[in-house]
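Coordinates from my_file-v9.cif are shown below (mmCIF, C-alpha atoms and all ligand atoms).
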data_target
loop_
_atom_site.label_atom_id
_atom_site.label_comp_id
_atom_site.auth_asym_id
_atom_site.auth_seq_id
_atom_site.Cartn_x
_atom_site.Cartn_y
_atom_site.Cartn_z
CA MET A 1 -80.80 236.17 7.62
CA GLN A 2 -81.38 235.79 3.86
CA PRO A 3 -80.96 239.34 2.53
CA PHE A 4 -82.79 238.68 -0.75
CA ASN A 5 -86.48 238.21 -1.52
CA HIS A 6 -85.51 235.91 -4.38
CA ASP A 7 -82.50 233.97 -5.53
CA TYR A 8 -82.87 235.09 -9.16
CA LEU A 9 -84.62 237.94 -10.92
CA LEU A 10 -85.28 237.10 -14.56
CA ILE A 11 -86.04 239.72 -17.19
CA GLY A 12 -88.14 238.56 -20.17
CA GLN A 13 -90.41 235.55 -20.27
CA GLY A 14 -90.30 234.11 -23.75
CA LEU A 15 -89.02 230.58 -24.22
CA ALA A 16 -85.57 231.42 -22.76
CA GLY A 17 -86.93 232.98 -19.56
CA THR A 18 -89.51 230.23 -19.16
CA LEU A 19 -87.05 227.35 -19.47
CA LEU A 20 -84.42 229.00 -17.29
CA ALA A 21 -87.00 229.70 -14.58
CA HIS A 22 -88.10 226.06 -14.79
CA PHE A 23 -84.59 224.70 -14.28
CA LEU A 24 -83.71 227.18 -11.54
CA GLU A 25 -86.84 226.12 -9.64
CA LYS A 26 -85.98 222.48 -10.20
CA ALA A 27 -82.62 223.20 -8.59
CA GLY A 28 -84.49 224.48 -5.54
CA LYS A 29 -84.02 228.21 -6.22
CA SER A 30 -86.67 230.93 -6.08
CA VAL A 31 -87.27 233.13 -9.12
CA PHE A 32 -89.14 236.35 -9.77
CA VAL A 33 -89.81 237.33 -13.38
CA ILE A 34 -90.41 240.74 -14.89
CA GLY A 35 -91.72 240.50 -18.43
CA GLN A 36 -93.64 242.39 -21.01
CA GLN A 37 -95.89 240.44 -23.31
CA ASN A 38 -95.32 241.40 -26.88
CA GLU A 39 -97.09 240.17 -30.00
CA HIS A 40 -93.72 240.43 -31.78
CA ALA A 41 -91.89 238.15 -29.34
CA ALA A 42 -90.27 235.35 -31.33
CA SER A 43 -91.74 232.77 -28.97
CA SER A 44 -95.29 233.74 -29.86
CA VAL A 45 -94.70 233.71 -33.63
CA ALA A 46 -92.43 230.64 -34.04
CA ALA A 47 -93.62 227.32 -35.43
CA GLY A 48 -91.48 225.51 -32.84
CA ILE A 49 -90.11 222.99 -35.31
CA ILE A 50 -87.41 220.66 -34.07
CA ASN A 51 -85.58 219.50 -37.16
CA PRO A 52 -82.51 217.27 -36.82
CA ILE A 53 -81.52 217.44 -40.51
CA THR A 54 -81.07 220.86 -42.05
CA GLY A 55 -79.50 222.79 -44.90
CA ARG A 56 -78.89 222.00 -48.53
CA ARG A 57 -76.36 219.33 -47.61
CA TYR A 58 -78.72 217.52 -45.24
CA VAL A 59 -76.42 217.67 -42.26
CA LYS A 60 -77.28 217.01 -38.66
CA SER A 61 -77.99 220.18 -36.72
CA TRP A 62 -75.38 221.10 -34.12
CA GLN A 63 -75.43 218.64 -31.19
CA VAL A 64 -78.83 217.13 -32.09
CA ASP A 65 -77.99 213.74 -30.61
CA ARG A 66 -78.02 215.20 -27.12
CA LEU A 67 -80.29 218.21 -27.64
CA ILE A 68 -83.36 216.45 -29.03
CA PRO A 69 -83.81 213.72 -26.38
CA PHE A 70 -83.23 216.32 -23.67
CA ALA A 71 -85.74 218.72 -25.26
CA ARG A 72 -88.35 215.98 -25.61
CA ASP A 73 -87.99 214.93 -21.96
CA THR A 74 -88.18 218.54 -20.76
CA TYR A 75 -91.31 219.36 -22.76
CA ARG A 76 -92.96 216.10 -21.65
CA GLU A 77 -92.22 217.01 -18.04
CA LEU A 78 -93.70 220.49 -18.52
CA GLU A 79 -96.77 218.95 -20.21
CA GLN A 80 -97.35 216.90 -17.07
CA GLN A 81 -96.70 219.79 -14.72
CA PHE A 82 -99.18 222.10 -16.47
CA HIS A 83 -101.62 219.59 -17.99
CA ILE A 84 -101.04 220.90 -21.50
CA SER A 85 -100.08 219.28 -24.79
CA ILE A 86 -97.09 221.03 -26.36
CA TYR A 87 -94.72 218.42 -27.80
CA HIS A 88 -96.05 216.98 -31.04
CA GLN A 89 -93.83 214.35 -32.59
CA ARG A 90 -94.17 214.91 -36.36
CA ASN A 91 -92.06 213.66 -39.22
CA ILE A 92 -90.88 216.19 -41.78
CA LEU A 93 -91.43 215.60 -45.49
CA ARG A 94 -88.60 217.28 -47.32
CA ALA A 95 -89.16 218.05 -51.00
CA LEU A 96 -86.26 217.16 -53.31
CA PHE A 97 -86.26 219.17 -56.51
CA ASN A 98 -84.01 217.21 -58.87
CA ALA A 99 -82.04 213.97 -59.30
CA LYS A 100 -78.95 215.42 -57.64
CA GLU A 101 -80.86 216.35 -54.50
CA GLU A 102 -82.42 212.92 -54.43
CA ASN A 103 -79.04 211.21 -54.83
CA ASP A 104 -77.52 213.37 -52.12
CA TRP A 105 -80.40 212.50 -49.80
CA LEU A 106 -80.01 208.78 -50.44
CA ALA A 107 -76.26 208.94 -49.96
CA ARG A 108 -76.59 210.82 -46.69
CA SER A 109 -79.32 208.59 -45.29
CA GLY A 110 -77.04 205.61 -45.91
CA GLU A 111 -74.33 207.07 -43.68
CA GLU A 112 -73.83 205.66 -40.24
CA ASP A 113 -75.20 208.23 -37.73
CA TYR A 114 -77.85 209.45 -40.15
CA GLY A 115 -79.98 206.38 -40.73
CA SER A 116 -81.98 206.86 -37.56
CA TYR A 117 -83.00 210.38 -38.58
CA MET A 118 -83.55 210.00 -42.34
CA LEU A 119 -85.88 207.69 -44.18
CA ASP A 120 -84.97 207.21 -47.83
CA ARG A 121 -88.54 206.55 -48.83
CA ALA A 122 -91.11 209.13 -47.83
CA ASP A 123 -94.70 208.24 -47.05
CA LEU A 124 -96.95 210.89 -48.61
CA ASP A 125 -100.18 209.30 -47.55
CA GLY A 126 -102.65 212.06 -46.79
CA TYR A 127 -100.96 214.46 -49.25
CA ALA A 128 -101.96 212.71 -52.49
CA GLY A 129 -103.98 215.00 -54.72
CA LYS A 130 -103.63 217.88 -52.27
CA ILE A 131 -100.16 219.15 -53.24
CA GLU A 132 -98.14 219.63 -56.42
CA ARG A 133 -95.58 216.84 -56.27
CA ALA A 134 -91.93 217.82 -56.25
CA PHE A 135 -89.34 215.62 -58.02
CA GLY A 136 -89.06 213.45 -54.90
CA TYR A 137 -89.27 213.50 -51.12
CA GLY A 138 -87.18 212.43 -48.17
CA GLU A 139 -88.60 211.98 -44.71
CA VAL A 140 -87.07 213.03 -41.39
CA GLN A 141 -87.98 211.37 -38.12
CA TYR A 142 -87.36 212.32 -34.47
CA SER A 143 -88.52 215.75 -35.54
CA ALA A 144 -91.31 217.57 -33.73
CA GLN A 145 -93.34 220.71 -33.35
CA VAL A 146 -93.47 222.44 -29.99
CA ASP A 147 -96.30 224.79 -29.06
CA ILE A 148 -93.98 227.39 -27.57
CA GLY A 149 -96.72 230.00 -27.22
CA LEU A 150 -98.87 227.71 -25.08
CA LEU A 151 -95.92 226.78 -22.86
CA VAL A 152 -95.02 230.44 -22.27
CA GLN A 153 -98.65 231.28 -21.42
CA ALA A 154 -99.02 228.35 -19.03
CA PHE A 155 -95.78 229.20 -17.27
CA ARG A 156 -96.79 232.84 -16.95
CA SER A 157 -100.09 231.89 -15.28
CA TYR A 158 -98.19 229.61 -12.92
CA LEU A 159 -95.81 232.43 -11.94
CA GLU A 160 -98.66 234.93 -11.59
CA ASN A 161 -100.60 232.59 -9.34
CA LYS A 162 -97.75 232.40 -6.91
CA GLY A 163 -96.98 236.13 -7.06
CA ALA A 164 -93.67 235.64 -8.88
CA TYR A 165 -94.40 237.64 -12.05
CA ARG A 166 -94.69 241.33 -12.79
CA GLU A 167 -95.89 242.59 -16.17
CA GLU A 168 -93.96 245.77 -16.98
CA PRO A 169 -91.08 246.99 -19.15
CA PHE A 170 -87.87 246.60 -17.17
CA ASP A 171 -85.95 249.87 -16.92
CA HIS A 172 -82.21 249.10 -16.87
CA ALA A 173 -81.39 252.56 -15.51
CA GLN A 174 -83.13 251.72 -12.23
CA LEU A 175 -81.16 248.56 -11.51
CA LYS A 176 -78.88 248.82 -8.50
CA VAL A 177 -75.96 246.45 -8.43
CA ARG A 178 -74.96 245.74 -4.84
CA GLU A 179 -72.26 243.64 -3.34
CA GLN A 180 -73.49 240.07 -3.88
CA GLY A 181 -76.85 240.97 -5.32
CA VAL A 182 -79.11 243.38 -7.16
CA ALA A 183 -82.04 245.59 -6.24
CA TYR A 184 -84.80 246.83 -8.51
CA LYS A 185 -87.89 248.77 -7.40
CA GLY A 186 -88.16 246.98 -4.07
CA ILE A 187 -87.14 243.56 -5.38
CA LYS A 188 -83.88 242.16 -4.07
CA ALA A 189 -82.25 239.16 -5.67
CA GLY A 190 -78.94 237.33 -5.55
CA ALA A 191 -78.51 237.79 -9.30
CA ILE A 192 -80.38 239.05 -12.35
CA VAL A 193 -80.55 237.11 -15.60
CA PHE A 194 -81.57 238.87 -18.79
CA CYS A 195 -83.64 236.73 -21.18
CA GLU A 196 -84.76 239.53 -23.45
CA GLY A 197 -84.60 237.86 -26.84
CA ARG A 198 -83.81 240.28 -29.63
CA TRP A 199 -84.33 243.29 -27.33
CA ALA A 200 -81.01 242.47 -25.63
CA LYS A 201 -79.37 244.71 -28.22
CA GLU A 202 -80.72 247.59 -26.15
CA ASN A 203 -79.44 246.21 -22.84
CA PRO A 204 -76.71 248.64 -21.68
CA PHE A 205 -74.79 245.88 -19.84
CA PHE A 206 -74.65 243.33 -22.64
CA ASN A 207 -74.97 245.31 -25.86
CA TYR A 208 -71.26 244.75 -26.55
CA LEU A 209 -72.16 241.23 -27.71
CA PRO A 210 -72.70 240.63 -31.45
CA PHE A 211 -76.49 240.31 -31.57
CA HIS A 212 -77.98 240.18 -35.05
CA GLY A 213 -81.74 239.67 -35.45
CA ASP A 214 -83.44 238.24 -38.53
CA LYS A 215 -87.05 239.05 -39.19
CA GLY A 216 -89.54 236.43 -40.31
CA GLU A 217 -93.16 236.68 -41.37
CA VAL A 218 -95.74 233.91 -41.09
CA LEU A 219 -99.29 233.23 -42.15
CA ILE A 220 -101.75 231.15 -40.16
CA VAL A 221 -104.15 229.56 -42.63
CA ARG A 222 -107.10 227.23 -42.74
CA ILE A 223 -106.99 224.49 -45.39
CA PRO A 224 -110.47 222.98 -45.18
CA ASP A 225 -109.84 219.96 -47.43
CA ALA A 226 -106.55 218.93 -45.83
CA ALA A 227 -105.79 216.81 -42.79
CA PHE A 228 -101.99 216.95 -42.95
CA GLU A 229 -100.23 215.39 -39.99
CA LYS A 230 -96.60 215.78 -40.97
CA ILE A 231 -94.56 218.92 -41.47
CA LEU A 232 -93.99 219.63 -45.16
CA LYS A 233 -90.90 221.55 -46.27
CA GLN A 234 -91.31 222.50 -49.90
CA GLN A 235 -89.53 225.89 -50.18
CA ILE A 236 -91.62 226.98 -47.18
CA PHE A 237 -92.87 225.03 -44.19
CA ILE A 238 -96.49 223.91 -43.83
CA VAL A 239 -96.92 222.94 -40.20
CA PRO A 240 -100.12 221.48 -38.73
CA LEU A 241 -101.34 223.35 -35.64
CA GLN A 242 -104.46 222.62 -33.62
CA ASN A 243 -108.05 223.18 -34.80
CA GLY A 244 -107.46 222.65 -38.52
CA LEU A 245 -105.01 225.55 -38.74
CA TYR A 246 -101.57 225.52 -40.36
CA TRP A 247 -98.47 227.63 -39.78
CA ILE A 248 -96.91 228.84 -43.05
CA GLY A 249 -93.44 230.34 -43.05
CA SER A 250 -91.09 231.84 -43.26
CA ASN A 251 -88.81 234.32 -44.92
CA TYR A 252 -85.54 235.76 -43.55
CA VAL A 253 -84.88 239.48 -43.56
CA LYS A 254 -81.47 240.54 -42.30
CA ASN A 255 -81.05 243.90 -40.56
CA PRO A 256 -84.79 244.61 -40.51
CA GLU A 257 -86.02 248.14 -39.96
CA ASP A 258 -88.95 246.98 -37.82
CA ASP A 259 -90.88 243.91 -36.75
CA GLU A 260 -94.16 244.67 -38.49
CA PRO A 261 -95.83 242.31 -40.98
CA THR A 262 -95.61 243.63 -44.56
CA GLU A 263 -97.79 243.18 -47.62
CA ALA A 264 -94.74 241.93 -49.56
CA GLY A 265 -94.10 239.27 -46.90
CA ALA A 266 -97.71 238.07 -46.98
CA GLU A 267 -97.70 238.03 -50.78
CA TYR A 268 -94.52 235.92 -50.84
CA LEU A 269 -96.02 233.32 -48.49
CA ARG A 270 -99.41 233.32 -50.26
CA SER A 271 -97.83 232.81 -53.69
CA GLN A 272 -95.57 230.00 -52.43
CA LEU A 273 -98.55 228.29 -50.86
CA GLU A 274 -100.62 228.66 -54.04
CA ARG A 275 -97.83 226.91 -55.96
CA ILE A 276 -97.79 223.97 -53.54
CA LEU A 277 -101.44 223.43 -52.64
CA LYS A 278 -104.01 222.05 -55.06
CA THR A 279 -106.75 222.77 -52.59
CA PRO A 280 -108.04 226.18 -51.39
CA PHE A 281 -106.86 227.92 -48.25
CA GLU A 282 -107.85 230.97 -46.28
CA ALA A 283 -105.38 233.16 -44.38
CA VAL A 284 -106.62 233.98 -40.88
CA GLU A 285 -103.58 235.73 -39.41
CA HIS A 286 -100.37 237.38 -40.58
CA ARG A 287 -97.59 237.96 -38.06
CA ALA A 288 -93.94 238.94 -37.86
CA ALA A 289 -91.13 238.79 -35.33
CA ILE A 290 -87.37 239.12 -35.11
CA ARG A 291 -85.42 235.96 -34.26
CA PRO A 292 -82.73 236.48 -31.58
CA THR A 293 -79.91 235.42 -33.91
CA VAL A 294 -76.25 236.06 -33.06
CA LYS A 295 -72.98 236.29 -34.93
CA ASP A 296 -71.70 232.71 -34.60
CA ARG A 297 -75.10 231.03 -34.25
CA ARG A 298 -74.33 229.62 -30.83
CA PRO A 299 -76.31 230.52 -27.70
CA PHE A 300 -75.14 233.30 -25.40
CA LEU A 301 -74.73 232.14 -21.78
CA GLY A 302 -72.77 233.72 -18.99
CA ARG A 303 -72.13 236.35 -16.41
CA HIS A 304 -71.11 239.93 -17.09
CA PRO A 305 -67.29 240.25 -17.12
CA GLU A 306 -67.31 243.08 -14.55
CA PHE A 307 -70.54 242.49 -12.60
CA PRO A 308 -71.01 238.78 -11.90
CA GLU A 309 -74.45 239.42 -10.38
CA LEU A 310 -75.60 240.21 -13.92
CA ALA A 311 -76.05 237.31 -16.33
CA LEU A 312 -77.49 236.60 -19.75
CA PHE A 313 -79.32 233.72 -21.43
CA ASN A 314 -79.95 234.50 -25.08
CA GLY A 315 -79.00 233.69 -28.67
CA LEU A 316 -81.48 230.87 -29.22
CA GLY A 317 -81.67 232.16 -32.79
CA THR A 318 -83.70 230.13 -35.26
CA LYS A 319 -83.72 226.98 -33.13
CA GLY A 320 -85.02 227.85 -29.69
CA ALA A 321 -87.27 224.78 -29.46
CA SER A 322 -84.35 222.35 -29.68
CA LEU A 323 -81.58 224.48 -28.13
CA GLY A 324 -83.59 225.99 -25.29
CA PRO A 325 -84.04 223.11 -22.83
CA TYR A 326 -80.47 221.79 -22.81
CA TRP A 327 -78.79 225.17 -22.57
CA ALA A 328 -81.27 226.50 -20.00
CA LYS A 329 -80.35 223.53 -17.79
CA HIS A 330 -76.65 224.23 -18.42
CA MET A 331 -77.13 227.90 -17.51
CA ALA A 332 -78.99 226.93 -14.33
CA ASP A 333 -76.17 224.52 -13.40
CA HIS A 334 -73.68 227.32 -13.96
CA LEU A 335 -75.61 229.83 -11.86
CA VAL A 336 -76.49 227.49 -9.02
CA ASN A 337 -73.52 225.10 -8.85
CA ASN A 338 -70.86 227.12 -10.63
CA VAL A 339 -70.54 224.44 -13.33
CA THR A 340 -68.09 225.66 -15.99
CA LEU A 341 -69.86 226.79 -19.15
CA GLU A 342 -69.01 225.02 -22.38
CA GLU A 343 -66.75 227.26 -24.42
CA ALA A 344 -68.99 227.22 -27.49
CA VAL A 345 -71.82 228.92 -25.61
CA ASP A 346 -69.93 231.00 -23.06
CA ILE A 347 -70.13 234.73 -23.78
CA LYS A 348 -66.46 234.96 -22.74
CA ARG A 349 -65.73 234.11 -26.38
CA PHE A 350 -66.43 237.78 -27.09
CA VAL A 351 -64.23 240.29 -25.31
CA LYS A 352 -65.81 243.44 -23.90
CA LYS A 353 -63.78 246.41 -25.08
C1 LIG B 401 -90.86 233.62 -37.84
C2 LIG B 401 -90.13 232.79 -36.83
C3 LIG B 401 -90.14 231.42 -36.95
C4 LIG B 401 -89.45 230.63 -36.03
N1 LIG B 401 -89.55 229.28 -36.12
C5 LIG B 401 -88.89 228.48 -35.24
C6 LIG B 401 -89.01 227.08 -35.32
O1 LIG B 401 -89.73 226.53 -36.15
N2 LIG B 401 -88.28 226.33 -34.43
C7 LIG B 401 -87.50 226.91 -33.47
O2 LIG B 401 -86.89 226.18 -32.69
N3 LIG B 401 -87.40 228.25 -33.36
C8 LIG B 401 -88.07 229.04 -34.24
N4 LIG B 401 -87.97 230.40 -34.14
C9 LIG B 401 -87.03 230.95 -33.14
C10 LIG B 401 -87.63 230.99 -31.72
O3 LIG B 401 -88.80 231.73 -31.77
C11 LIG B 401 -86.63 231.61 -30.77
O4 LIG B 401 -85.42 230.90 -30.77
C12 LIG B 401 -87.13 231.67 -29.31
O5 LIG B 401 -88.52 231.81 -29.24
C13 LIG B 401 -86.45 232.82 -28.60
O6 LIG B 401 -86.97 232.96 -27.31
P1 LIG B 401 -86.49 234.16 -26.37
O7 LIG B 401 -87.18 233.94 -25.08
O8 LIG B 401 -85.02 234.27 -26.39
O9 LIG B 401 -87.03 235.48 -27.09
P2 LIG B 401 -88.51 236.10 -27.17
O10 LIG B 401 -89.51 235.07 -27.47
O11 LIG B 401 -88.45 237.27 -28.09
O12 LIG B 401 -88.81 236.59 -25.70
C14 LIG B 401 -88.19 237.71 -25.11
C15 LIG B 401 -89.17 238.29 -24.11
O13 LIG B 401 -88.51 239.26 -23.32
C16 LIG B 401 -89.36 240.37 -23.20
N5 LIG B 401 -88.54 241.55 -22.92
C17 LIG B 401 -87.49 242.01 -23.62
N6 LIG B 401 -86.99 243.11 -23.06
C18 LIG B 401 -87.75 243.35 -21.96
C19 LIG B 401 -87.75 244.37 -20.94
N7 LIG B 401 -86.85 245.39 -20.95
N8 LIG B 401 -88.70 244.32 -19.98
C20 LIG B 401 -89.61 243.29 -19.95
N9 LIG B 401 -89.66 242.32 -20.86
C21 LIG B 401 -88.74 242.35 -21.87
C22 LIG B 401 -90.05 240.46 -24.55
O14 LIG B 401 -91.20 241.27 -24.51
C23 LIG B 401 -90.35 238.98 -24.79
O15 LIG B 401 -91.55 238.61 -24.17
C24 LIG B 401 -88.69 231.23 -35.00
C25 LIG B 401 -88.70 232.61 -34.87
C26 LIG B 401 -89.41 233.38 -35.78
C27 LIG B 401 -89.43 234.87 -35.60
#
Can the structure in the file be given as structure tokens, please?
Ligand SMILES: Cc1cc2nc3c(=O)[nH]c(=O)nc-3n(C[C@H](O)[C@H](O)[C@H](O)COP(=O)(O)OP(=O)(O)OC[C@H]3O[C@@H](n4cnc5c(N)ncnc54)[C@H](O)[C@@H]3O)c2cc1C
Amino acid sequence: MQPFNHDYLLIGQGLAGTLLAHFLEKAGKSVFVIGQQNEHAASSVAAGIINPITGRRYVKSWQVDRLIPFARDTYRELEQQFHISIYHQRNILRALFNAKEENDWLARSGEEDYGSYMLDRADLDGYAGKIERAFGYGEVQYSAQVDIGLLVQAFRSYLENKGAYREEPFDHAQLKVREQGVAYKGIKAGAIVFCEGRWAKENPFFNYLPFHGDKGEVLIVRIPDAAFEKILKQQIFIVPLQNGLYWIGSNYVKNPEDDEPTEAGAEYLRSQLERILKTPFEAVEHRAAIRPTVKDRRPFLGRHPEFPELALFNGLGTKGASLGPYWAKHMADHLVNNVTLEEAVDIKRFVKK
């Protein structure tokens, strides 16, 4: 007789928990999720930008050639499953502030491997007269914006409807680790996977890992005279959302004391936006969250070194929208089929002392 009610118990249902649950179910496994909705969860504050070309040197993000197509296919599949629209293909207009930046952009876009992602001539149609022009612009394609918040909500309703979700703070002290399984307040599962985002720092089983956590603040604004369709990166990001709203962000605060929005953060974003826009805007929301960043900026996947029934899926950092799908599938393959984890993401790279 099957001794467990569920194959996997997942803790936390942000993007990480959602995607892992999705792939475990696709592999034919049953999941039960315990989560606590939190307005400061990264997944409900993020813009969800997928950007293949990043940094001052315009380099391809780690593994984009395989991550982006996989992410797109996963989000499209979830759109169909839940009848929602979450994956918005949008080019990114990248402001270039001087001749050197423009030259560097042109040189990079001419490189083999980069041409498909970078356009040397940007099309600013729709922005004319609405923004202060920078020195020049490059344009990125195969970029996108994912409505992570909507995906998480839709997946939660789905779990609730089939009685596979419980809304409560998980209390680690009450977890019982048994031979070949775990038990928690009447729930029995073959294994537990923690998907707690930046709260994993407080997880007594995995807090030996080098979690960081960088805070970011965002404004949601209305720009009545604009109908921008691309993502603009001009110091800050201006990202079109639904209903005439735009996501404006973000700053990076290392070692934050808390996850609350601050007046200084709002003022920074407002003043940046005033410098860029030639048309009025109205802020409708101001939010903050801590990104689940980690020491070497690679996801954290794996089982606990002493208790293999305990596992972790975390470290999606600043790039959950692009990293999440591929590594959630990899984690599910590891859990279900014992597929060896890639070294770069395996938590074995950090030794528990
Ligand atoms: C300002 C900002 C901008 C960002 N922009 C982008 C972007 O443009 N593109 C991109 O790809 N990424 C972006 N990110 C990063 C992205 O948000 C994250 O990579 C991703 O959402 C992390 O998902 P997660 O599920 O690991 O964490 P979270 O979303 O934080 O989810 C963790 C969940 O676990 C729950 N939880 C934790 N502990 C417990 C417990 N004990 N009991 C019950 N529940 C618990 C929490 O309440 C939460 O719901 C941004 C992040 C921020 C903050």
Throw together the list of residues within 7 Å of ligand LIG 401 (chain B), counting all atoms listed in the file, and drop it here as a VMD selection string. chain A and resid 11 to 17 34 to 38 41 to 50 168 to 171 195 to 200 215 to 218 249 to 250 288 to 292 314 to 322
Residues as selected, C-alpha atoms, written as a compact mmCIF listing (two decimals), keeping the file's coordinate frame, can you do that?
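Dumped everything to result27.txt:
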# COMPACT_ATOMS: atom_id res chain seq x y z
CA ILE A 11 -86.04 239.72 -17.19
CA GLY A 12 -88.14 238.56 -20.17
CA GLN A 13 -90.41 235.55 -20.27
CA GLY A 14 -90.30 234.11 -23.75
CA LEU A 15 -89.02 230.58 -24.22
CA ALA A 16 -85.57 231.42 -22.76
CA GLY A 17 -86.93 232.98 -19.56
CA ILE A 34 -90.41 240.74 -14.89
CA GLY A 35 -91.72 240.50 -18.43
CA GLN A 36 -93.64 242.39 -21.01
CA GLN A 37 -95.89 240.44 -23.31
CA ASN A 38 -95.32 241.40 -26.88
CA ALA A 41 -91.89 238.15 -29.34
CA ALA A 42 -90.27 235.35 -31.33
CA SER A 43 -91.74 232.77 -28.97
CA SER A 44 -95.29 233.74 -29.86
CA VAL A 45 -94.70 233.71 -33.63
CA ALA A 46 -92.43 230.64 -34.04
CA ALA A 47 -93.62 227.32 -35.43
CA GLY A 48 -91.48 225.51 -32.84
CA ILE A 49 -90.11 222.99 -35.31
CA ILE A 50 -87.41 220.66 -34.07
CA GLU A 168 -93.96 245.77 -16.98
CA PRO A 169 -91.08 246.99 -19.15
CA PHE A 170 -87.87 246.60 -17.17
CA ASP A 171 -85.95 249.87 -16.92
CA CYS A 195 -83.64 236.73 -21.18
CA GLU A 196 -84.76 239.53 -23.45
CA GLY A 197 -84.60 237.86 -26.84
CA ARG A 198 -83.81 240.28 -29.63
CA TRP A 199 -84.33 243.29 -27.33
CA ALA A 200 -81.01 242.47 -25.63
CA LYS A 215 -87.05 239.05 -39.19
CA GLY A 216 -89.54 236.43 -40.31
CA GLU A 217 -93.16 236.68 -41.37
CA VAL A 218 -95.74 233.91 -41.09
CA GLY A 249 -93.44 230.34 -43.05
CA SER A 250 -91.09 231.84 -43.26
CA ALA A 288 -93.94 238.94 -37.86
CA ALA A 289 -91.13 238.79 -35.33
CA ILE A 290 -87.37 239.12 -35.11
CA ARG A 291 -85.42 235.96 -34.26
CA PRO A 292 -82.73 236.48 -31.58
CA ASN A 314 -79.95 234.50 -25.08
CA GLY A 315 -79.00 233.69 -28.67
CA LEU A 316 -81.48 230.87 -29.22
CA GLY A 317 -81.67 232.16 -32.79
CA THR A 318 -83.70 230.13 -35.26
CA LYS A 319 -83.72 226.98 -33.13
CA GLY A 320 -85.02 227.85 -29.69
CA ALA A 321 -87.27 224.78 -29.46
CA SER A 322 -84.35 222.35 -29.68
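Ranking A:Phe228, A:Tyr114, A:Tyr8, A:Tyr87 by their shortest atom-to-atom distance to Leu151 of chain A, with only C-alpha atoms included, puts A:Tyr87 first.
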re atom CA of Arg297 of chain A and atom CA of Asp214 of chain A: distance 11.8 Å
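Between atom CA of Ile276 of chain A and atom CA of Tyr117 of chain A the separation is 25.0 Å.
Non-sequential neighbours of Tyr165 of chain A (distance at most 9 Å, separation of 2 or more positions within a chain, only C-alpha atoms) are Val31, Phe32, Val33, Ile34, Gly35, Arg156, Ser157, Tyr158, Leu159, Glu160, Asn161, Lys162, Gly163 and Glu167 of chain A.
Distance check against Ala332 of chain A using all atoms listed in the file: of A:Arg90, A:Ile347, A:Ala191, A:Leu245, the minimum falls on A:Ala191.
Taking atom CA of Leu232 of chain A and atom CA of Leu93 of chain A as the two end points, the separation is 4.8 Å.
Comparing A:Lys60, A:His22, A:His286, A:Arg275 by their smallest distance to Tyr75 of chain A, the closest is A:His22 (using only C-alpha atoms).
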Which one is closest to Gln235 of chain A: A:Tyr268, A:Phe313, A:Tyr208, A:Phe194? Count all atoms listed in the file. A:Tyr268
Residue with smallest distance to Asp104 of chain A - pool A:Arg57, A:Arg178, A:Ile148, A:Val239, counting only C-alpha atoms: A:Arg57
